$ cat data.cif   # mmCIF, C-alpha atoms
data_upload
#
loop_
_atom_site.label_atom_id
_atom_site.label_comp_id
_atom_site.auth_asym_id
_atom_site.auth_seq_id
_atom_site.Cartn_x
_atom_site.Cartn_y
_atom_site.Cartn_z
CA MET A 1 44.22 87.35 77.59
CA ALA A 2 47.65 87.57 76.00
CA ALA A 3 46.99 91.13 74.86
CA GLY A 4 45.88 92.08 78.37
CA ALA A 5 48.99 90.56 79.90
CA PHE A 6 51.11 92.47 77.40
CA THR A 7 49.40 95.73 78.29
CA LEU A 8 49.89 95.08 82.01
CA ALA A 9 53.56 94.35 81.41
CA VAL A 10 53.92 97.65 79.53
CA LEU A 11 52.23 99.61 82.34
CA LEU A 12 54.37 98.01 85.02
CA GLY A 13 57.75 97.64 83.32
CA ALA A 14 58.02 99.99 80.36
CA PRO A 15 60.74 102.62 80.90
CA GLY A 16 59.37 106.23 81.24
CA THR A 17 60.73 109.24 79.36
CA ALA A 18 60.64 111.50 82.52
CA ALA A 19 62.74 111.20 85.68
CA ALA A 20 61.01 109.56 88.62
CA VAL A 21 59.32 111.99 91.04
CA PRO A 22 60.91 111.89 94.57
CA PRO A 23 58.93 110.92 97.66
CA PRO A 24 56.34 113.47 98.81
CA PRO A 25 57.45 116.34 101.11
CA PRO A 26 55.64 117.07 104.40
CA ASN A 27 52.10 118.38 103.94
CA PRO A 28 50.88 120.42 106.99
CA SER A 29 47.22 120.19 107.83
CA ASP A 30 44.75 123.00 107.29
CA ALA A 31 44.41 123.32 111.08
CA GLU A 32 48.15 123.83 111.48
CA LEU A 33 48.15 126.49 108.77
CA GLU A 34 45.15 128.29 110.30
CA ALA A 35 46.71 128.27 113.78
CA GLY A 36 49.99 129.68 112.43
CA ARG A 37 48.20 132.41 110.49
CA ALA A 38 46.13 133.35 113.54
CA GLU A 39 49.25 133.64 115.71
CA ALA A 40 51.00 135.81 113.09
CA SER A 41 47.91 138.00 112.78
CA GLU A 42 47.70 138.44 116.56
CA LYS A 43 51.37 139.44 116.77
CA ALA A 44 50.97 141.84 113.84
CA GLY A 45 48.05 143.50 115.62
CA GLU A 46 50.10 143.81 118.81
CA VAL A 47 52.99 145.33 116.86
CA GLY A 48 50.54 147.79 115.32
CA ARG A 49 49.23 148.83 118.73
CA LEU A 50 52.74 149.19 120.12
CA THR A 51 53.79 151.17 117.05
CA SER A 52 50.94 153.61 117.67
CA ARG A 53 51.81 153.95 121.37
CA LEU A 54 55.48 154.36 120.54
CA ALA A 55 54.67 157.04 117.96
CA ASP A 56 52.71 158.93 120.62
CA ALA A 57 55.55 158.52 123.09
CA GLU A 58 58.13 159.67 120.53
CA ALA A 59 55.98 162.69 119.65
CA LYS A 60 55.71 163.60 123.32
CA LEU A 61 59.45 163.05 123.69
CA THR A 62 60.09 165.41 120.77
CA THR A 63 57.84 168.02 122.42
CA LEU A 64 59.69 167.60 125.70
CA ARG A 65 63.05 167.72 123.91
CA ASN A 66 62.00 171.04 122.34
CA ARG A 67 60.86 172.23 125.76
CA VAL A 68 64.22 171.30 127.27
CA GLU A 69 66.03 173.14 124.46
CA ARG A 70 63.78 176.15 125.07
CA LYS A 71 64.49 176.05 128.81
CA LEU A 72 68.20 175.68 128.12
CA GLU A 73 68.11 178.77 125.94
CA GLN A 74 66.10 180.62 128.58
CA ALA A 75 68.80 179.64 131.06
CA ASN A 76 71.33 181.05 128.60
CA LYS A 77 69.27 184.25 128.42
CA ALA A 78 69.10 184.50 132.20
CA ARG A 79 72.86 183.98 132.40
CA VAL A 80 73.50 186.76 129.86
CA ASP A 81 70.98 189.06 131.58
CA LEU A 82 72.64 188.44 134.94
CA GLN A 83 76.05 189.26 133.48
CA ARG A 84 74.63 192.46 132.02
CA ALA A 85 72.92 193.39 135.30
CA ARG A 86 76.13 192.81 137.21
CA SER A 87 78.03 195.01 134.76
CA ALA A 88 75.35 197.72 135.05
CA ALA A 89 75.47 197.53 138.86
CA GLU A 90 79.25 197.81 138.84
CA ALA A 91 79.02 200.81 136.52
CA ALA A 92 76.37 202.40 138.78
CA GLU A 93 78.54 201.80 141.83
CA SER A 94 81.45 203.42 140.03
CA ARG A 95 79.28 206.42 139.11
CA ALA A 96 78.01 206.62 142.66
CA GLU A 97 81.57 206.61 143.96
CA THR A 98 82.45 209.38 141.51
CA ALA A 99 79.38 211.33 142.61
CA ARG A 100 80.37 210.93 146.25
CA ALA A 101 83.82 212.28 145.45
CA GLU A 102 82.25 215.20 143.58
CA VAL A 103 79.94 215.82 146.53
CA GLU A 104 82.91 215.88 148.91
CA THR A 105 84.67 218.35 146.62
CA ALA A 106 81.54 220.50 146.42
CA SER A 107 81.15 220.35 150.20
CA GLY A 108 84.73 221.53 150.67
CA ALA A 109 84.16 224.37 148.24
CA ILE A 110 80.99 225.37 150.11
CA ARG A 111 82.80 225.34 153.45
CA THR A 112 85.60 227.47 152.03
CA ALA A 113 83.12 229.92 150.49
CA ARG A 114 81.18 230.11 153.76
CA LYS A 115 84.35 230.89 155.73
CA SER A 116 85.33 233.61 153.26
CA LEU A 117 81.83 235.04 153.33
CA ASP A 118 81.73 234.93 157.11
CA ARG A 119 85.00 236.84 157.34
CA PHE A 120 83.80 239.33 154.75
CA VAL A 121 80.42 239.85 156.42
CA ALA A 122 82.04 240.16 159.83
CA GLY A 123 84.38 242.87 158.53
CA SER A 124 81.52 244.71 156.87
CA HIS A 125 79.34 244.42 159.97
CA ARG A 126 81.98 246.13 162.13
CA GLN A 127 81.78 249.09 159.75
CA GLY A 128 77.99 249.11 159.80
CA THR A 129 75.92 247.97 156.85
CA ALA A 130 78.05 249.41 154.07
CA ILE A 131 79.53 246.52 152.17
CA GLY A 132 82.76 247.58 150.63
CA SER A 133 83.79 249.91 153.45
CA LEU A 134 87.35 250.66 154.35
CA SER A 135 87.33 248.09 157.21
CA ALA A 136 86.86 245.32 154.64
CA TYR A 137 90.17 246.35 153.16
CA LEU A 138 91.86 247.03 156.49
CA GLY A 139 90.91 243.53 157.76
CA ALA A 140 93.01 241.89 155.07
CA ASP A 141 95.92 239.84 156.38
CA SER A 142 98.13 240.19 153.33
CA PRO A 143 98.33 241.94 149.96
CA LYS A 144 97.03 238.71 148.37
CA ASP A 145 94.04 238.66 150.73
CA LEU A 146 93.48 242.34 150.08
CA LEU A 147 93.36 241.70 146.33
CA ALA A 148 90.92 238.82 146.82
CA ARG A 149 88.64 240.99 148.97
CA GLU A 150 88.76 243.73 146.40
CA GLN A 151 87.73 241.27 143.66
CA LEU A 152 84.90 239.92 145.85
CA LEU A 153 83.66 243.46 146.61
CA GLY A 154 83.79 244.31 142.93
CA ALA A 155 81.88 241.15 141.98
CA VAL A 156 79.21 241.80 144.58
CA GLY A 157 78.94 245.35 143.54
CA ASP A 158 78.90 244.78 139.80
CA SER A 159 76.55 241.78 139.50
CA GLU A 160 74.60 242.20 142.77
CA LEU A 161 74.90 238.51 143.46
CA ASP A 162 73.57 237.05 146.65
CA ALA A 163 76.42 234.99 148.15
CA LEU A 164 74.08 233.17 150.48
CA GLY A 165 71.86 232.15 147.52
CA SER A 166 74.89 230.84 145.64
CA MET A 167 75.77 228.62 148.57
CA LYS A 168 72.21 227.36 148.76
CA ARG A 169 72.23 226.51 145.05
CA ALA A 170 75.52 224.68 145.51
CA GLN A 171 73.96 222.74 148.37
CA VAL A 172 70.96 221.87 146.18
CA ARG A 173 73.27 220.60 143.42
CA LYS A 174 75.11 218.57 146.00
CA SER A 175 71.85 217.05 147.27
CA ASN A 176 70.69 216.32 143.69
CA LYS A 177 73.93 214.53 142.90
CA GLU A 178 73.68 212.48 146.05
CA ALA A 179 70.05 211.57 145.31
CA ALA A 180 70.77 210.67 141.68
CA ALA A 181 73.70 208.49 142.71
CA ARG A 182 71.61 206.72 145.35
CA GLU A 183 68.72 206.18 142.92
CA ALA A 184 70.99 204.80 140.16
CA LEU A 185 72.72 202.51 142.61
CA GLN A 186 69.43 201.26 144.06
CA ASP A 187 68.01 200.64 140.56
CA ALA A 188 71.12 198.73 139.48
CA ARG A 189 71.05 196.60 142.61
CA GLN A 190 67.35 195.84 142.13
CA LYS A 191 67.98 194.80 138.53
CA ARG A 192 70.86 192.61 139.60
CA ALA A 193 68.69 190.95 142.25
CA ALA A 194 65.84 190.49 139.74
CA ALA A 195 68.23 188.97 137.21
CA ALA A 196 69.60 186.60 139.84
CA GLU A 197 66.05 185.52 140.74
CA ALA A 198 65.23 185.06 137.04
CA LYS A 199 68.31 182.88 136.59
CA THR A 200 67.34 180.74 139.58
CA ALA A 201 63.79 180.36 138.20
CA ALA A 202 65.13 179.54 134.73
CA ASP A 203 67.51 176.95 136.16
CA GLN A 204 64.70 175.33 138.17
CA ALA A 205 62.36 175.28 135.14
CA GLN A 206 65.10 173.81 132.99
CA GLN A 207 65.80 171.09 135.56
CA ALA A 208 62.07 170.26 135.76
CA ALA A 209 61.92 170.00 131.96
CA VAL A 210 64.99 167.78 131.94
CA ALA A 211 63.42 165.49 134.55
CA ALA A 212 60.18 165.23 132.52
CA ARG A 213 62.16 164.48 129.36
CA SER A 214 64.19 161.85 131.22
CA ARG A 215 61.01 160.12 132.45
CA GLN A 216 59.50 160.20 128.95
CA ALA A 217 62.72 158.92 127.43
CA SER A 218 62.64 155.99 129.85
CA ARG A 219 59.02 155.26 128.90
CA ALA A 220 59.85 155.46 125.20
CA LYS A 221 62.79 153.14 125.75
CA GLU A 222 60.53 150.62 127.49
CA LEU A 223 58.06 150.79 124.60
CA ARG A 224 60.84 150.35 122.04
CA THR A 225 62.12 147.32 123.95
CA GLU A 226 58.63 145.83 124.17
CA LYS A 227 57.98 146.56 120.49
CA SER A 228 61.28 144.95 119.51
CA SER A 229 60.36 141.84 121.51
CA VAL A 230 56.92 141.56 119.89
CA GLU A 231 58.41 142.23 116.43
CA ARG A 232 60.81 139.35 117.04
CA GLN A 233 57.86 137.15 118.01
CA LEU A 234 56.05 138.31 114.86
CA ARG A 235 59.02 137.37 112.70
CA GLU A 236 59.13 133.96 114.34
CA ALA A 237 55.39 133.48 113.85
CA ARG A 238 55.59 134.58 110.23
CA SER A 239 58.60 132.37 109.72
CA HIS A 240 56.67 129.45 111.18
CA VAL A 241 53.56 130.01 109.10
CA GLY A 242 55.75 130.78 106.10
CA GLY A 243 57.47 127.46 106.62
CA LEU A 244 54.13 125.66 106.80
CA GLU A 245 52.86 127.44 103.70
CA GLY A 246 56.14 126.67 101.97
CA GLN A 247 55.72 123.02 102.82
CA ARG A 248 52.16 123.10 101.50
CA GLU A 249 53.35 124.83 98.31
CA ARG A 250 56.14 122.32 97.77
CA TYR A 251 53.69 119.50 98.35
CA GLN A 252 51.33 120.98 95.75
CA GLU A 253 54.24 121.23 93.30
CA TRP A 254 55.19 117.61 94.04
CA LEU A 255 51.59 116.53 93.55
CA ALA A 256 51.44 118.30 90.18
CA GLU A 257 54.68 116.67 89.08
CA LYS A 258 53.42 113.28 90.23
CA GLU A 259 50.18 113.69 88.29
CA ALA A 260 52.15 114.75 85.18
CA GLU A 261 54.39 111.72 85.51
CA GLU A 262 51.46 109.38 85.86
CA ALA A 263 49.76 110.98 82.84
CA ALA A 264 52.90 110.55 80.73
CA GLN A 265 53.25 106.93 81.77
CA ALA A 266 49.63 106.29 80.93
CA GLN A 267 50.09 107.91 77.50
CA GLN A 268 53.15 105.80 76.75
CA ALA A 269 51.36 102.66 77.85
CA ALA A 270 48.40 103.48 75.60
CA ALA A 271 50.69 104.11 72.63
CA ALA A 272 52.55 100.84 73.19
CA ALA A 273 49.29 98.94 73.48
CA SER A 274 48.05 100.33 70.14
CA GLY A 275 51.42 99.64 68.44
CA GLY A 276 51.87 103.27 67.51
CA GLY A 277 55.40 103.46 68.93
CA GLY A 278 54.88 107.13 69.54
CA SER A 279 56.81 109.09 72.10
CA ALA A 280 55.75 111.69 74.60
CA PRO A 281 55.49 115.24 73.26
CA ALA A 282 58.54 117.41 73.71
CA PRO A 283 58.25 119.87 76.56
CA ALA A 284 57.63 123.49 75.62
CA ALA A 285 60.65 125.74 75.55
CA SER A 286 60.99 127.87 78.71
CA ALA A 287 60.57 131.61 78.39
CA THR A 288 63.74 133.73 78.43
CA SER A 289 63.83 135.96 81.51
CA VAL A 290 64.00 139.69 80.81
CA PRO A 291 66.40 141.61 82.99
CA ALA A 292 64.57 144.07 84.98
CA GLY A 293 85.60 187.84 105.04
CA ALA A 294 82.84 189.77 106.40
CA SER A 295 80.87 188.17 103.70
CA VAL A 296 78.24 185.50 103.57
CA GLU A 297 80.75 182.98 102.25
CA ALA A 298 83.24 183.82 104.98
CA ALA A 299 80.58 183.18 107.64
CA VAL A 300 79.45 179.97 105.92
CA GLN A 301 83.01 178.69 105.61
CA ARG A 302 83.70 179.42 109.26
CA ALA A 303 80.65 177.40 110.26
CA MET A 304 81.51 174.59 107.81
CA SER A 305 85.06 174.42 109.15
CA GLN A 306 83.61 173.08 112.41
CA LEU A 307 81.80 170.09 110.91
CA GLY A 308 82.11 167.10 113.21
CA VAL A 309 83.01 169.14 116.30
CA GLN A 310 81.12 167.74 119.27
CA TYR A 311 78.19 169.50 120.92
CA ALA A 312 78.83 171.11 124.31
CA TRP A 313 76.07 173.13 125.96
CA GLY A 314 77.30 176.67 126.68
CA GLY A 315 80.38 176.05 124.50
CA GLY A 316 81.83 178.18 121.74
CA ASN A 317 82.91 181.78 121.30
CA ALA A 318 84.32 184.04 118.57
CA HIS A 319 87.62 182.17 118.67
CA GLY A 320 86.30 178.63 118.35
CA PRO A 321 85.00 175.74 120.47
CA THR A 322 85.29 175.95 124.26
CA TYR A 323 84.45 173.83 127.27
CA GLY A 324 80.72 173.49 127.89
CA ILE A 325 79.06 174.30 131.20
CA ARG A 326 76.87 172.39 133.64
CA ASP A 327 73.09 172.44 133.28
CA GLY A 328 72.08 170.04 136.03
CA GLY A 329 70.47 167.62 133.56
CA VAL A 330 70.91 166.40 129.99
CA ALA A 331 74.14 168.29 129.29
CA ASP A 332 75.67 167.02 132.52
CA ALA A 333 74.57 163.47 131.70
CA HIS A 334 76.53 163.74 128.44
CA GLY A 335 79.51 165.33 130.18
CA ASP A 336 79.23 168.59 128.20
CA TYR A 337 81.06 170.48 130.94
CA ASN A 338 84.08 168.31 130.21
CA LYS A 339 83.87 168.58 126.41
CA ILE A 340 85.25 171.22 124.06
CA GLY A 341 82.64 172.11 121.45
CA PHE A 342 79.70 174.33 120.49
CA ASP A 343 76.05 174.67 121.33
CA CYS A 344 73.67 176.09 118.71
CA SER A 345 74.14 179.78 119.55
CA GLY A 346 77.87 179.32 120.21
CA LEU A 347 78.34 178.08 116.63
CA MET A 348 76.62 181.23 115.32
CA ILE A 349 78.88 183.41 117.49
CA TYR A 350 81.91 181.81 115.86
CA ALA A 351 80.49 181.88 112.32
CA PHE A 352 79.64 185.61 112.42
CA ALA A 353 82.61 186.74 114.54
CA GLY A 354 83.98 188.80 111.63
CA VAL A 355 80.61 190.47 111.10
CA GLN A 356 78.98 191.13 114.45
CA ALA A 357 79.46 190.17 118.11
CA LEU A 358 76.46 188.03 119.03
CA PRO A 359 75.21 187.23 122.57
CA HIS A 360 75.27 183.60 123.68
CA TYR A 361 71.48 183.25 123.53
CA SER A 362 69.46 182.36 120.44
CA GLY A 363 66.56 184.62 121.49
CA TYR A 364 68.79 187.71 121.37
CA GLN A 365 70.44 186.48 118.15
CA TYR A 366 66.99 186.43 116.53
CA ASP A 367 66.79 190.21 117.06
CA ALA A 368 70.39 190.88 116.02
CA GLY A 369 69.65 191.51 112.33
CA ARG A 370 67.02 192.14 109.68
CA LYS A 371 63.98 189.82 109.56
CA VAL A 372 63.16 188.20 106.20
CA PRO A 373 60.29 185.76 105.43
CA LEU A 374 61.32 182.13 105.09
CA SER A 375 60.20 182.27 101.46
CA GLN A 376 63.04 184.77 100.87
CA MET A 377 65.73 183.13 103.01
CA ARG A 378 69.13 182.74 101.43
CA ARG A 379 72.56 181.36 102.16
CA GLY A 380 74.01 182.69 105.41
CA ASP A 381 70.67 183.56 107.08
CA MET A 382 69.98 182.32 110.60
CA LEU A 383 66.92 180.10 111.16
CA PHE A 384 65.15 179.76 114.51
CA TRP A 385 62.77 177.27 116.16
CA GLY A 386 60.30 177.64 119.00
CA ASN A 387 57.02 179.53 118.50
CA GLY A 388 56.45 179.27 122.25
CA GLY A 389 59.96 180.55 122.98
CA ILE A 390 63.09 180.25 120.85
CA HIS A 391 65.14 177.15 121.69
CA HIS A 392 67.36 176.54 118.64
CA VAL A 393 69.26 178.36 115.87
CA ALA A 394 71.02 177.15 112.71
CA MET A 395 72.55 178.67 109.54
CA TYR A 396 70.86 178.18 106.16
CA LEU A 397 73.23 176.95 103.43
CA GLY A 398 70.87 176.94 100.45
CA ASN A 399 69.23 174.09 98.51
CA GLY A 400 67.16 173.17 101.57
CA GLN A 401 70.22 172.44 103.73
CA MET A 402 71.43 173.96 107.00
CA ILE A 403 74.34 173.58 109.42
CA GLU A 404 73.71 173.27 113.15
CA ALA A 405 75.07 172.14 116.51
CA PRO A 406 72.05 169.94 117.33
CA TYR A 407 72.01 168.57 120.90
CA SER A 408 74.07 166.94 123.65
CA GLY A 409 75.70 163.81 122.31
CA GLY A 410 75.63 165.14 118.74
CA HIS A 411 78.13 166.90 116.48
CA VAL A 412 78.09 169.92 114.19
CA ARG A 413 76.37 168.64 111.05
CA VAL A 414 74.67 169.55 107.77
CA VAL A 415 71.03 168.37 107.50
CA PRO A 416 67.86 169.27 105.59
CA VAL A 417 65.93 172.21 107.04
CA ARG A 418 63.31 171.09 109.59
CA TYR A 419 60.08 173.05 109.21
CA GLY A 420 58.28 171.78 112.30
CA ASP A 421 58.12 174.54 114.95
CA ILE A 422 60.29 176.84 112.78
CA LEU A 423 59.73 180.59 113.09
CA PRO A 424 58.27 182.29 109.98
CA TYR A 425 61.20 184.73 109.68
CA ALA A 426 64.94 184.26 109.23
CA THR A 427 67.50 186.77 110.54
CA ARG A 428 69.95 188.29 108.06
CA LEU A 429 73.16 189.88 109.32
CA ILE A 430 74.86 190.39 105.94
CA GLY A 431 73.29 192.09 102.94
#

$ encode --input "data.cif" --output "structure tokens"
Amino acid sequence: MAAGAFTLAVLLGAPGTAAAVPPPPPNPSDAELEAGRAEASEKAGEVGRLTSRLADAEAKLTTLRNRVERKLEQANKARVDLQRARSAAEAAESRAETARAEVETASGAIRTARKSLDRFVAGSHRQGTAIGSLSAYLGADSPKDLLAREQLLGAVGDSELDALGSMKRAQVRKSNKEAAAREALQDARQKRAAAAEAKTAADQAQQAAVAARSRQASRAKELRTEKSSVERQLREARSHVGGLEGQRERYQEWLAEKEAEEAAQAQQAAAAASGGGGSAPAPAASATSVPAGASVEAAVQRAMSQLGVQYAWGGGNAHGPTYGIRDGGVADAHGDYNKIGFDCSGLMIYAFAGVQALPHYSGYQYDAGRKVPLSQMRRGDMLFWGNGGIHHVAMYLGNGQMIEAPYSGGHVRVVPVRYGDILPYATRLIG
């Protein structure tokens, strides 16, 4: 009885060698954990579905963005073609005016020749049928006229020319000149009208593409907003279930510490009861953590000197950045017409100004030099995008990098070469 009382006293009052374990932390139920995990899983699935829809929307937006760029470049082409047609029409009108003046001169010469011939024939007729008779000389009004008649008689006599045939040939030449002038003028005017119609059609197509891109951009924005909202809900759900699982983990750790403490106390009590006076074994040592000119370079440097210059659709010439122009859509929305900068083809015009005058249209720039396969492209070559119609151009710098004026709202920049939708040939102007 005394021994039992002693043992009980040891168990209840003997000091322990370990610090007392604190009160238990909260321990969420299995139902709470399961509900939290289910909510997080549902939100993760919704995020996945929205991510897929957003990827589709972004892909469509990229396609539409490329289409807009293509339509913008086609509008550039139409603008250049219209300028060329106007110049050709003006030149044709000038040639027609010159032809009309030449026709008037020829007409005057024919009238003069006819009057001279009429006088000559009339004088010869009075003498009979003998051309060159004395009356032809006697009808002269002055020594100068007499000399001219003598020369005419000699010419008719020597070469047996038919004066009436000469006049007819002169009239034919006159008619041919008039017809050629009218035909050239009509052709030039038709081309100018066709170019104007093409520009109108290109502008309308570009505006339709801009509207489609705007609608898709709005849809993509809605999806991004919805995805952001669900992602926030997912983070909250994961945070909630993470908190519950953290509580469960901390409770398990507390429970293990409590069991260890109780085991140590029991061991000490047993040792005291047997009189061994032993002590609890020393804890194991913790492991030590182990730390875990007209040259390529001249063109490149000209392009590189414009890094950071803002994009302006229709902007840029051989002398540097210029004000952009209106496009009735994206460029206008970004205020490009009120910005001084470059578009993609404008930057190439400036870069190669010391080498070759380029038109302000990437499609024509593609045909401005020698074609080389992309596998052979080198520094200073121009790269183009748009297998369905060229819509962008940039300059290759080497090491997989290029410099470009990208899009409205952007700036001239150096980026890795994009191979999606790139044409299989580069254009080389130098070398």

$ resolve_selection --input "data.cif" --expression "the PyMOL selection byres ((chain A and resi 396-407) around 8)" --output "ChimeraX atom specification"
/A:300,303-304,310-311,313,342-344,347,377-383,393-395,408-417

$ closest_residue --input "data.cif" --among "A:Gly354, A:Gly324, A:Gly386, A:Pro28" --to "His240 in chain A" --atoms "all atoms listed in the file"
A:Pro28

$ closest_residue --input "data.cif" --among "A:Ala272, A:Leu54, A:Gly346, A:Gly328" --to "Gln306 in chain A" --atoms "all atoms listed in the file"
A:Gly346

$ atom_distance --input "data.cif" --atom1 "CA of Gly246 in chain A" --atom2 "CA of Glu262 in chain A"
24.1 Å

$ atom_distance --input "data.cif" --atom1 "CA of Arg224 in chain A" --atom2 "CA of Glu236 in chain A"
18.2 Å

$ resolve_selection --input "data.cif" --expression "the PyMOL selection byres ((chain A and resi 60) around 12)" --output "list in words"
Arg53, Leu54, Ala55, Asp56, Ala57, Glu58, Ala59, Leu61, Thr62, Thr63, Leu64, Arg65, Asn66, Arg67, Ala212, Arg213, Ser214, Arg215, Gln216, Ala217, Arg219 and Ala220 of chain A

$ residues_around --input "data.cif" --residues "Glu231 in chain A" --least-positions-apart "2" --cutoff "12 Å" --atoms "all atoms listed in the file" --output "PyMOL selection string"
chain A and resi 40-51+223-229+233-239

$ atom_distance --input "data.cif" --atom1 "CA of Met348 in chain A" --atom2 "CA of Lys191 in chain A"
28.2 Å

$ residues_around --input "data.cif" --residues "Val241 in chain A" --least-positions-apart "4" --cutoff "7 Å" --atoms "only C-alpha atoms" --output "ChimeraX atom specification"
/A:33,36-37,237,245

$ residues_around --input "data.cif" --residues "Ala180 in chain A" --least-positions-apart "4" --cutoff "9 Å" --atoms "only C-alpha atoms" --output "list of chain:residue names"
A:Ala96, A:Ala99, A:Ser175, A:Asn176, A:Ala184, A:Leu185

$ closest_residue --input "data.cif" --among "A:Arg302, A:Arg326, A:Ser29, A:Pro23" --to "Leu244 in chain A" --atoms "only C-alpha atoms"
A:Ser29

$ closest_residue --input "data.cif" --among "A:Ala170, A:Asp336, A:Gln268, A:Tyr425" --to "Gly108 in chain A" --atoms "all atoms listed in the file"
A:Ala170

$ residues_around --input "data.cif" --residues "Gly341 in chain A" --least-positions-apart "6" --cutoff "8 Å" --atoms "all atoms listed in the file" --output "ChimeraX atom specification"
/A:309-312,315-316,321-324

$ write_last_selection --input "data.cif" --atoms "C-alpha atoms" --output "CSV table (one decimal), keeping the file's coordinate frame"
chain,number,residue,atom,x,y,z
A,309,VAL,CA,83.0,169.1,116.3
A,310,GLN,CA,81.1,167.7,119.3
A,311,TYR,CA,78.2,169.5,120.9
A,312,ALA,CA,78.8,171.1,124.3
A,315,GLY,CA,80.4,176.0,124.5
A,316,GLY,CA,81.8,178.2,121.7
A,321,PRO,CA,85.0,175.7,120.5
A,322,THR,CA,85.3,176.0,124.3
A,323,TYR,CA,84.4,173.8,127.3
A,324,GLY,CA,80.7,173.5,127.9

$ closest_residue --input "data.cif" --among "A:Gln247, A:Ser295, A:Gln267, A:Thr98" --to "Glu32 in chain A" --atoms "all atoms listed in the file"
A:Gln247

$ resolve_selection --input "data.cif" --expression "the PyMOL selection byres ((chain A and resi 358-372) around 10)" --output "tab-separated table (two decimals) with C-alpha atoms, keeping the file's coordinate frame"
chain	number	residue	atom	x	y	z
A	70	ARG	CA	63.78	176.15	125.07
A	72	LEU	CA	68.20	175.68	128.12
A	73	GLU	CA	68.11	178.77	125.94
A	74	GLN	CA	66.10	180.62	128.58
A	75	ALA	CA	68.80	179.64	131.06
A	76	ASN	CA	71.33	181.05	128.60
A	77	LYS	CA	69.27	184.25	128.42
A	78	ALA	CA	69.10	184.50	132.20
A	79	ARG	CA	72.86	183.98	132.40
A	80	VAL	CA	73.50	186.76	129.86
A	81	ASP	CA	70.98	189.06	131.58
A	314	GLY	CA	77.30	176.67	126.68
A	315	GLY	CA	80.38	176.05	124.50
A	316	GLY	CA	81.83	178.18	121.74
A	317	ASN	CA	82.91	181.78	121.30
A	318	ALA	CA	84.32	184.04	118.57
A	343	ASP	CA	76.05	174.67	121.33
A	344	CYS	CA	73.67	176.09	118.71
A	345	SER	CA	74.14	179.78	119.55
A	346	GLY	CA	77.87	179.32	120.21
A	347	LEU	CA	78.34	178.08	116.63
A	348	MET	CA	76.62	181.23	115.32
A	349	ILE	CA	78.88	183.41	117.49
A	350	TYR	CA	81.91	181.81	115.86
A	351	ALA	CA	80.49	181.88	112.32
A	352	PHE	CA	79.64	185.61	112.42
A	353	ALA	CA	82.61	186.74	114.54
A	355	VAL	CA	80.61	190.47	111.10
A	356	GLN	CA	78.98	191.13	114.45
A	357	ALA	CA	79.46	190.17	118.11
A	373	PRO	CA	60.29	185.76	105.43
A	374	LEU	CA	61.32	182.13	105.09
A	375	SER	CA	60.20	182.27	101.46
A	376	GLN	CA	63.04	184.77	100.87
A	377	MET	CA	65.73	183.13	103.01
A	378	ARG	CA	69.13	182.74	101.43
A	381	ASP	CA	70.67	183.56	107.08
A	382	MET	CA	69.98	182.32	110.60
A	383	LEU	CA	66.92	180.10	111.16
A	384	PHE	CA	65.15	179.76	114.51
A	385	TRP	CA	62.77	177.27	116.16
A	386	GLY	CA	60.30	177.64	119.00
A	389	GLY	CA	59.96	180.55	122.98
A	390	ILE	CA	63.09	180.25	120.85
A	391	HIS	CA	65.14	177.15	121.69
A	392	HIS	CA	67.36	176.54	118.64
A	393	VAL	CA	69.26	178.36	115.87
A	394	ALA	CA	71.02	177.15	112.71
A	423	LEU	CA	59.73	180.59	113.09
A	424	PRO	CA	58.27	182.29	109.98
A	425	TYR	CA	61.20	184.73	109.68
A	426	ALA	CA	64.94	184.26	109.23
A	427	THR	CA	67.50	186.77	110.54
A	428	ARG	CA	69.95	188.29	108.06
A	429	LEU	CA	73.16	189.88	109.32
A	430	ILE	CA	74.86	190.39	105.94
A	431	GLY	CA	73.29	192.09	102.94

$ closest_residue --input "data.cif" --among "A:Ala208, A:Glu102, A:Glu97, A:Ala92" --to "Gln190 in chain A" --atoms "all atoms listed in the file"
A:Ala92

$ decode --input "data.cif" --residues "range 37-52 of chain A" --atoms "C-alpha atoms" --output "PDB file, in the first residue's frame"
ATOM      1  CA  ARG A  37     -11.475  20.441 -50.784  1.00  0.00           C
ATOM      2  CA  ALA A  38     -14.611  20.007 -52.898  1.00  0.00           C
ATOM      3  CA  GLU A  39     -15.076  23.773 -53.187  1.00  0.00           C
ATOM      4  CA  ALA A  40     -11.423  24.264 -54.178  1.00  0.00           C
ATOM      5  CA  SER A  41     -11.700  21.467 -56.737  1.00  0.00           C
ATOM      6  CA  GLU A  42     -14.849  23.003 -58.236  1.00  0.00           C
ATOM      7  CA  LYS A  43     -13.194  26.420 -58.541  1.00  0.00           C
ATOM      8  CA  ALA A  44     -10.080  24.859 -60.074  1.00  0.00           C
ATOM      9  CA  GLY A  45     -12.242  23.133 -62.680  1.00  0.00           C
ATOM     10  CA  GLU A  46     -14.010  26.402 -63.461  1.00  0.00           C
ATOM     11  CA  VAL A  47     -10.665  28.174 -63.815  1.00  0.00           C
ATOM     12  CA  GLY A  48      -9.553  25.413 -66.178  1.00  0.00           C
ATOM     13  CA  ARG A  49     -12.641  25.824 -68.339  1.00  0.00           C
ATOM     14  CA  LEU A  50     -12.264  29.595 -68.406  1.00  0.00           C
ATOM     15  CA  THR A  51      -8.574  29.256 -69.224  1.00  0.00           C
ATOM     16  CA  SER A  52      -9.463  27.104 -72.231  1.00  0.00           C
TER      17      SER A  52
END
